[in-house]
Amino acid sequence: MGQRAGAVRPGKVRRPLLEALIDSGARVVTSGAPRTVSVCLGEERSTAGIGASADGLSDWGGGRMRLASRKEQVSRAEFKLEELFSLVGAPEVTSAVDLGASPGGWTRIVHGLGATSIDAVDPADLDPRVLGLPGVTHHRTTAGEFVNGPDAAPVDLIVNDMRMVPHLTAHTMVEAAPLLRPGGLAIVTFKLGTNNPVKQADESLDLMAPAYEPVFVRQLQHNRQELTVVARPRH
Ligand SMILES: C[S@@+](CC[C@H](N)C(=O)[O-])C[C@H]1O[C@@H](n2cnc3c(N)ncnc32)[C@H](O)[C@@H]1O
């Protein structure tokens, strides 16, 4: 169930809808169902539909995936990777590069996947808890300098959550592609903003296309201003 229009709150719609579905004999669950009923309330008109949950932004009641904060979490950005892995599964990783790593949430999660070597690249500080993880090396530099510098080595996974305009993010990913081992994986967020986001998304994917084949492209609940792309290197 979706957006709020004026004073109408989602709960006001959800309850009568639930009652109608149950009365009609449907079994209604909060998440994990193969089909989802969606309602979008507009100023002048509203639309409702039913579709495959796999095609939706979220199959949770209220359109949200609720992930709990934990004390070991170092950034809210961690939710973005957690949500992604709940959708596509977590990769197996032994070595990784995290571009735009500070304060270190994604590095922490990638470490939790079993990576024994992670290059965390960011001019800004890493949380001391992340700095202390075995196998994590902080490179206090920009992504461009790291990728073209002497410390860059082949890896299974590149993650990139840099705060950067989309075409520069795409350019950086193309520069970084030779670091990925064949069969490796890239996960990147494009910060689209509000200025013609569809055009920015299309242009970014086009820029990445010579080096990567995208396998997942979607806005996630935890980063609606961003486009999350999972891609495989073409080499
Ligand atoms: C959204 S934060 C990353 C959060 C991180 N994924 C986490 O989970 O903690 C974006 C980061 O990109 C970094 N950044 C921006 N431009 C960069 C560049 N050219 N090279 C490396 N890092 C950059 C910023 O310093 C910032 O720390």
# chains A, B, ... in the order shown; residues from 1 in each chain; ligands from 1

$ closest_atom_pairs --of "chain A" --to "ligand 1" --cutoff "10 Å" --atoms "only C-alpha atoms and all ligand atoms" --output "JSON lines"
{"residue": "A:Gln73", "atom": "CA", "partner": "ligand 1", "partner_atom_place_in_ligand_line": "8 (O)", "distance": 9.1}
{"residue": "A:Val74", "atom": "CA", "partner": "ligand 1", "partner_atom_place_in_ligand_line": "9 (O)", "distance": 6.5}
{"residue": "A:Ser75", "atom": "CA", "partner": "ligand 1", "partner_atom_place_in_ligand_line": "9 (O)", "distance": 4.9}
{"residue": "A:Arg76", "atom": "CA", "partner": "ligand 1", "partner_atom_place_in_ligand_line": "8 (O)", "distance": 6.8}
{"residue": "A:Ala77", "atom": "CA", "partner": "ligand 1", "partner_atom_place_in_ligand_line": "8 (O)", "distance": 4.4}
{"residue": "A:Glu78", "atom": "CA", "partner": "ligand 1", "partner_atom_place_in_ligand_line": "8 (O)", "distance": 5.0}
{"residue": "A:Phe79", "atom": "CA", "partner": "ligand 1", "partner_atom_place_in_ligand_line": "8 (O)", "distance": 8.4}
{"residue": "A:Lys80", "atom": "CA", "partner": "ligand 1", "partner_atom_place_in_ligand_line": "8 (O)", "distance": 8.4}
{"residue": "A:Leu81", "atom": "CA", "partner": "ligand 1", "partner_atom_place_in_ligand_line": "8 (O)", "distance": 8.4}
{"residue": "A:Asp98", "atom": "CA", "partner": "ligand 1", "partner_atom_place_in_ligand_line": "6 (N)", "distance": 7.8}
{"residue": "A:Leu99", "atom": "CA", "partner": "ligand 1", "partner_atom_place_in_ligand_line": "21 (C)", "distance": 5.6}
{"residue": "A:Gly100", "atom": "CA", "partner": "ligand 1", "partner_atom_place_in_ligand_line": "22 (N)", "distance": 3.5}
{"residue": "A:Ala101", "atom": "CA", "partner": "ligand 1", "partner_atom_place_in_ligand_line": "5 (C)", "distance": 4.6}
{"residue": "A:Ser102", "atom": "CA", "partner": "ligand 1", "partner_atom_place_in_ligand_line": "27 (O)", "distance": 4.1}
{"residue": "A:Pro103", "atom": "CA", "partner": "ligand 1", "partner_atom_place_in_ligand_line": "9 (O)", "distance": 4.2}
{"residue": "A:Gly104", "atom": "CA", "partner": "ligand 1", "partner_atom_place_in_ligand_line": "9 (O)", "distance": 3.9}
{"residue": "A:Gly105", "atom": "CA", "partner": "ligand 1", "partner_atom_place_in_ligand_line": "8 (O)", "distance": 3.3}
{"residue": "A:Trp106", "atom": "CA", "partner": "ligand 1", "partner_atom_place_in_ligand_line": "8 (O)", "distance": 4.1}
{"residue": "A:Thr107", "atom": "CA", "partner": "ligand 1", "partner_atom_place_in_ligand_line": "8 (O)", "distance": 6.9}
{"residue": "A:Arg108", "atom": "CA", "partner": "ligand 1", "partner_atom_place_in_ligand_line": "8 (O)", "distance": 7.9}
{"residue": "A:Ile109", "atom": "CA", "partner": "ligand 1", "partner_atom_place_in_ligand_line": "8 (O)", "distance": 8.4}
{"residue": "A:Ala120", "atom": "CA", "partner": "ligand 1", "partner_atom_place_in_ligand_line": "21 (C)", "distance": 9.1}
{"residue": "A:Val121", "atom": "CA", "partner": "ligand 1", "partner_atom_place_in_ligand_line": "21 (C)", "distance": 5.7}
{"residue": "A:Asp122", "atom": "CA", "partner": "ligand 1", "partner_atom_place_in_ligand_line": "22 (N)", "distance": 4.0}
{"residue": "A:Pro123", "atom": "CA", "partner": "ligand 1", "partner_atom_place_in_ligand_line": "25 (O)", "distance": 5.8}
{"residue": "A:Ala124", "atom": "CA", "partner": "ligand 1", "partner_atom_place_in_ligand_line": "25 (O)", "distance": 5.1}
{"residue": "A:Asp125", "atom": "CA", "partner": "ligand 1", "partner_atom_place_in_ligand_line": "27 (O)", "distance": 7.8}
{"residue": "A:Leu126", "atom": "CA", "partner": "ligand 1", "partner_atom_place_in_ligand_line": "9 (O)", "distance": 8.1}
{"residue": "A:Asp127", "atom": "CA", "partner": "ligand 1", "partner_atom_place_in_ligand_line": "9 (O)", "distance": 8.6}
{"residue": "A:Val130", "atom": "CA", "partner": "ligand 1", "partner_atom_place_in_ligand_line": "9 (O)", "distance": 9.7}
{"residue": "A:His139", "atom": "CA", "partner": "ligand 1", "partner_atom_place_in_ligand_line": "21 (C)", "distance": 9.2}
{"residue": "A:Arg140", "atom": "CA", "partner": "ligand 1", "partner_atom_place_in_ligand_line": "21 (C)", "distance": 8.3}
{"residue": "A:Thr141", "atom": "CA", "partner": "ligand 1", "partner_atom_place_in_ligand_line": "21 (C)", "distance": 6.4}
{"residue": "A:Thr142", "atom": "CA", "partner": "ligand 1", "partner_atom_place_in_ligand_line": "20 (N)", "distance": 3.4}
{"residue": "A:Ala143", "atom": "CA", "partner": "ligand 1", "partner_atom_place_in_ligand_line": "20 (N)", "distance": 3.9}
{"residue": "A:Gly144", "atom": "CA", "partner": "ligand 1", "partner_atom_place_in_ligand_line": "19 (N)", "distance": 6.4}
{"residue": "A:Glu145", "atom": "CA", "partner": "ligand 1", "partner_atom_place_in_ligand_line": "20 (N)", "distance": 8.1}
{"residue": "A:Phe146", "atom": "CA", "partner": "ligand 1", "partner_atom_place_in_ligand_line": "20 (N)", "distance": 8.4}
{"residue": "A:Val147", "atom": "CA", "partner": "ligand 1", "partner_atom_place_in_ligand_line": "20 (N)", "distance": 9.9}
{"residue": "A:Val159", "atom": "CA", "partner": "ligand 1", "partner_atom_place_in_ligand_line": "6 (N)", "distance": 8.3}
{"residue": "A:Asn160", "atom": "CA", "partner": "ligand 1", "partner_atom_place_in_ligand_line": "6 (N)", "distance": 7.2}
{"residue": "A:Asp161", "atom": "CA", "partner": "ligand 1", "partner_atom_place_in_ligand_line": "6 (N)", "distance": 4.9}
{"residue": "A:Met162", "atom": "CA", "partner": "ligand 1", "partner_atom_place_in_ligand_line": "12 (O)", "distance": 3.5}
{"residue": "A:Arg163", "atom": "CA", "partner": "ligand 1", "partner_atom_place_in_ligand_line": "10 (C)", "distance": 4.4}
{"residue": "A:Met164", "atom": "CA", "partner": "ligand 1", "partner_atom_place_in_ligand_line": "16 (N)", "distance": 5.6}
{"residue": "A:Val165", "atom": "CA", "partner": "ligand 1", "partner_atom_place_in_ligand_line": "16 (N)", "distance": 9.2}
{"residue": "A:Leu168", "atom": "CA", "partner": "ligand 1", "partner_atom_place_in_ligand_line": "19 (N)", "distance": 8.8}
{"residue": "A:Thr169", "atom": "CA", "partner": "ligand 1", "partner_atom_place_in_ligand_line": "19 (N)", "distance": 8.7}
{"residue": "A:Thr172", "atom": "CA", "partner": "ligand 1", "partner_atom_place_in_ligand_line": "19 (N)", "distance": 8.7}
{"residue": "A:Val188", "atom": "CA", "partner": "ligand 1", "partner_atom_place_in_ligand_line": "6 (N)", "distance": 9.9}
{"residue": "A:Thr189", "atom": "CA", "partner": "ligand 1", "partner_atom_place_in_ligand_line": "1 (C)", "distance": 9.2}
{"residue": "A:Lys191", "atom": "CA", "partner": "ligand 1", "partner_atom_place_in_ligand_line": "1 (C)", "distance": 9.3}

$ residues_around --residues "Leu192 in chain A" --least-positions-apart "3" --cutoff "12 Å" --atoms "only C-alpha atoms" --output "JSON list (two decimals) with C-alpha atoms, in the first residue's frame"
[["chain", "number", "residue", "atom", "x", "y", "z"],
["A", 163, "ARG", "CA", 28.43, 10.09, -2.78],
["A", 164, "MET", "CA", 29.11, 11.24, -6.33],
["A", 165, "VAL", "CA", 27.27, 12.31, -9.48],
["A", 166, "PRO", "CA", 26.08, 9.23, -11.40],
["A", 167, "HIS", "CA", 28.21, 9.58, -14.53],
["A", 168, "LEU", "CA", 31.39, 9.84, -12.43],
["A", 169, "THR", "CA", 30.32, 6.78, -10.44],
["A", 189, "THR", "CA", 24.50, 2.78, -5.93],
["A", 195, "ASN", "CA", 17.03, 16.36, -11.69],
["A", 196, "ASN", "CA", 15.77, 14.03, -14.43],
["A", 197, "PRO", "CA", 16.60, 10.80, -12.57],
["A", 198, "VAL", "CA", 15.46, 8.47, -15.36],
["A", 199, "LYS", "CA", 17.84, 10.10, -17.85],
["A", 200, "GLN", "CA", 20.67, 9.93, -15.31],
["A", 201, "ALA", "CA", 19.95, 6.25, -14.68],
["A", 202, "ASP", "CA", 19.88, 5.42, -18.40],
["A", 203, "GLU", "CA", 23.11, 7.32, -19.07],
["A", 204, "SER", "CA", 24.89, 5.67, -16.13],
["A", 219, "GLN", "CA", 15.39, 1.39, -6.46],
["A", 223, "ASN", "CA", 17.48, 4.15, -0.90],
["A", 224, "ARG", "CA", 14.61, 5.57, -2.90],
["A", 225, "GLN", "CA", 16.79, 8.41, -4.18],
["A", 226, "GLU", "CA", 19.27, 5.92, -5.54],
["A", 227, "LEU", "CA", 19.47, 3.20, -8.12],
["A", 228, "THR", "CA", 21.11, -0.02, -6.97]]

$ select_by_dssp --residues "range 56-181 of chain A" --states "helix (DSSP H, G or I)" --output "NGL selection string"
:A and (61-63 or 78-88 or 105-112 or 128-131 or 143-147 or 166-179)

$ write_last_selection --atoms "N, CA and C atoms" --output "compact mmCIF listing (two decimals), in the first residue's frame"
# COMPACT_ATOMS: atom_id res chain seq x y z
N GLY A 61 3.55 -5.46 3.94
CA GLY A 61 2.40 -4.63 4.20
C GLY A 61 2.85 -3.20 4.44
N GLY A 62 2.20 -2.21 3.79
CA GLY A 62 2.62 -0.82 3.93
C GLY A 62 3.73 -0.48 2.97
N GLY A 63 4.19 -1.45 2.17
CA GLY A 63 5.20 -1.17 1.16
C GLY A 63 6.58 -1.01 1.73
N GLU A 78 23.99 0.45 5.88
CA GLU A 78 24.00 -1.02 5.95
C GLU A 78 22.66 -1.60 5.52
N PHE A 79 21.58 -0.88 5.81
CA PHE A 79 20.25 -1.39 5.45
C PHE A 79 20.14 -1.64 3.95
N LYS A 80 20.85 -0.80 3.16
CA LYS A 80 20.74 -0.92 1.71
C LYS A 80 21.30 -2.28 1.26
N LEU A 81 22.45 -2.67 1.82
CA LEU A 81 23.01 -3.97 1.43
C LEU A 81 22.17 -5.11 1.99
N GLU A 82 21.69 -4.92 3.22
CA GLU A 82 20.87 -5.98 3.83
C GLU A 82 19.63 -6.24 2.99
N GLU A 83 18.99 -5.14 2.58
CA GLU A 83 17.77 -5.29 1.76
C GLU A 83 18.12 -5.95 0.43
N LEU A 84 19.21 -5.51 -0.18
CA LEU A 84 19.61 -6.10 -1.46
C LEU A 84 19.84 -7.60 -1.32
N PHE A 85 20.58 -8.00 -0.28
CA PHE A 85 20.89 -9.42 -0.13
C PHE A 85 19.63 -10.23 0.19
N SER A 86 18.64 -9.59 0.82
CA SER A 86 17.39 -10.33 1.08
C SER A 86 16.65 -10.57 -0.25
N LEU A 87 16.95 -9.75 -1.26
CA LEU A 87 16.27 -9.91 -2.56
C LEU A 87 17.04 -10.82 -3.51
N VAL A 88 18.36 -10.68 -3.55
CA VAL A 88 19.13 -11.41 -4.57
C VAL A 88 20.05 -12.46 -3.96
N GLY A 105 30.07 0.77 7.17
CA GLY A 105 28.96 -0.19 7.29
C GLY A 105 29.02 -1.29 6.24
N TRP A 106 29.26 -0.92 4.99
CA TRP A 106 29.28 -1.95 3.94
C TRP A 106 30.51 -2.86 4.12
N THR A 107 31.63 -2.25 4.54
CA THR A 107 32.83 -3.06 4.80
C THR A 107 32.52 -4.09 5.88
N ARG A 108 31.80 -3.65 6.92
CA ARG A 108 31.45 -4.57 8.01
C ARG A 108 30.60 -5.73 7.49
N ILE A 109 29.62 -5.40 6.65
CA ILE A 109 28.74 -6.46 6.14
C ILE A 109 29.52 -7.41 5.22
N VAL A 110 30.36 -6.85 4.36
CA VAL A 110 31.15 -7.71 3.45
C VAL A 110 32.09 -8.60 4.26
N HIS A 111 32.65 -8.06 5.33
CA HIS A 111 33.48 -8.88 6.22
C HIS A 111 32.66 -10.03 6.79
N GLY A 112 31.43 -9.73 7.13
CA GLY A 112 30.55 -10.77 7.68
C GLY A 112 30.20 -11.86 6.68
N PRO A 128 36.28 2.90 14.26
CA PRO A 128 37.34 2.05 14.84
C PRO A 128 36.95 0.57 14.89
N ARG A 129 35.66 0.28 15.06
CA ARG A 129 35.25 -1.14 15.10
C ARG A 129 35.50 -1.81 13.75
N VAL A 130 35.36 -1.05 12.67
CA VAL A 130 35.58 -1.62 11.33
C VAL A 130 37.08 -1.71 11.04
N LEU A 131 37.81 -0.65 11.47
CA LEU A 131 39.27 -0.65 11.28
C LEU A 131 39.92 -1.85 11.97
N ALA A 143 38.74 7.07 -4.77
CA ALA A 143 38.57 5.83 -5.54
C ALA A 143 39.44 5.86 -6.79
N GLY A 144 39.45 7.00 -7.49
CA GLY A 144 40.23 7.10 -8.73
C GLY A 144 41.71 6.83 -8.47
N GLU A 145 42.23 7.43 -7.39
CA GLU A 145 43.66 7.23 -7.10
C GLU A 145 43.93 5.79 -6.71
N PHE A 146 43.02 5.18 -5.94
CA PHE A 146 43.25 3.80 -5.51
C PHE A 146 43.24 2.85 -6.71
N VAL A 147 42.21 2.99 -7.54
CA VAL A 147 42.02 2.04 -8.66
C VAL A 147 43.22 2.09 -9.60
N PRO A 166 26.15 10.56 -10.81
CA PRO A 166 26.08 9.23 -11.40
C PRO A 166 27.08 8.96 -12.52
N HIS A 167 27.32 9.93 -13.41
CA HIS A 167 28.21 9.58 -14.53
C HIS A 167 29.64 9.38 -14.05
N LEU A 168 30.04 10.08 -12.96
CA LEU A 168 31.39 9.84 -12.43
C LEU A 168 31.46 8.49 -11.71
N THR A 169 30.36 8.11 -11.06
CA THR A 169 30.32 6.78 -10.44
C THR A 169 30.49 5.71 -11.52
N ALA A 170 29.76 5.87 -12.62
CA ALA A 170 29.87 4.90 -13.72
C ALA A 170 31.29 4.86 -14.27
N HIS A 171 31.88 6.04 -14.44
CA HIS A 171 33.25 6.12 -14.96
C HIS A 171 34.21 5.38 -14.02
N THR A 172 34.04 5.61 -12.72
CA THR A 172 34.91 4.94 -11.74
C THR A 172 34.75 3.42 -11.82
N MET A 173 33.49 2.97 -11.99
CA MET A 173 33.26 1.53 -12.07
C MET A 173 33.93 0.93 -13.30
N VAL A 174 33.90 1.65 -14.41
CA VAL A 174 34.55 1.14 -15.63
C VAL A 174 36.07 1.06 -15.40
N GLU A 175 36.61 2.09 -14.75
CA GLU A 175 38.06 2.06 -14.45
C GLU A 175 38.41 0.89 -13.52
N ALA A 176 37.47 0.57 -12.61
CA ALA A 176 37.75 -0.46 -11.61
C ALA A 176 37.51 -1.88 -12.15
N ALA A 177 36.81 -2.01 -13.27
CA ALA A 177 36.40 -3.33 -13.77
C ALA A 177 37.56 -4.32 -13.91
N PRO A 178 38.74 -3.89 -14.40
CA PRO A 178 39.83 -4.87 -14.55
C PRO A 178 40.25 -5.51 -13.23
N LEU A 179 39.88 -4.89 -12.10
CA LEU A 179 40.24 -5.49 -10.80
C LEU A 179 39.40 -6.72 -10.48

$ residues_around --residues "Val136 in chain A" --least-positions-apart "2" --cutoff "7 Å" --atoms "only C-alpha atoms" --output "PyMOL selection string"
chain A and resi 117-120+131+133-134+138

$ select_by_dssp --residues "range 86-224 of chain A" --states "strand (DSSP E)" --output "PyMOL selection string"
chain A and resi 95-99+117-121+136-139+155-160+180-191+212-220+223-224

$ write_last_selection --atoms "C-alpha atoms" --output "CSV table (one decimal), in the first residue's frame"
chain,number,residue,atom,x,y,z
A,95,SER,CA,38.4,-10.5,-1.2
A,96,ALA,CA,36.7,-7.1,-1.9
A,97,VAL,CA,37.1,-3.4,-2.5
A,98,ASP,CA,34.7,-1.0,-0.9
A,99,LEU,CA,34.8,2.4,-2.7
A,117,SER,CA,40.8,-9.2,2.6
A,118,ILE,CA,38.9,-5.9,2.2
A,119,ASP,CA,40.3,-2.7,0.8
A,120,ALA,CA,38.1,0.1,2.3
A,121,VAL,CA,38.7,3.3,0.2
A,136,VAL,CA,40.4,-4.7,6.6
A,137,THR,CA,42.8,-2.1,5.2
A,138,HIS,CA,41.8,1.6,5.1
A,139,HIS,CA,43.1,3.4,2.1
A,155,VAL,CA,39.1,-9.2,-6.0
A,156,ASP,CA,35.8,-11.1,-6.1
A,157,LEU,CA,33.6,-8.1,-5.2
A,158,ILE,CA,33.6,-4.4,-5.7
A,159,VAL,CA,31.0,-2.4,-3.8
A,160,ASN,CA,30.6,1.3,-4.4
A,180,LEU,CA,37.3,-7.9,-10.8
A,181,ARG,CA,38.2,-11.6,-11.2
A,182,PRO,CA,36.1,-13.4,-13.9
A,183,GLY,CA,32.8,-14.4,-12.3
A,184,GLY,CA,33.2,-11.6,-9.8
A,185,LEU,CA,30.4,-9.1,-8.8
A,186,ALA,CA,30.0,-5.4,-8.6
A,187,ILE,CA,27.4,-3.6,-6.5
A,188,VAL,CA,26.9,0.1,-7.0
A,189,THR,CA,24.5,2.8,-5.9
A,190,PHE,CA,23.8,5.7,-8.2
A,191,LYS,CA,22.8,8.9,-6.3
A,212,TYR,CA,29.6,-4.8,-17.1
A,213,GLU,CA,26.4,-6.8,-17.7
A,214,PRO,CA,23.7,-5.7,-15.2
A,215,VAL,CA,21.9,-8.6,-13.4
A,216,PHE,CA,19.8,-6.5,-11.0
A,217,VAL,CA,18.7,-2.8,-11.3
A,218,ARG,CA,16.2,-1.4,-8.9
A,219,GLN,CA,15.4,1.4,-6.5
A,220,LEU,CA,15.3,-0.1,-3.0
A,223,ASN,CA,17.5,4.2,-0.9
A,224,ARG,CA,14.6,5.6,-2.9

$ atom_distance --atom1 "CA of Val13 in chain A" --atom2 "CA of Gly42 in chain A"
12.8 Å

$ closest_residue --among "A:Leu113, A:Ala152, A:Ala90, A:Cys40" --to "Val230 in chain A" --atoms "only C-alpha atoms"
A:Ala90

$ atom_distance --atom1 "CA of Ser46 in chain A" --atom2 "CA of Glu19 in chain A"
19.1 Å
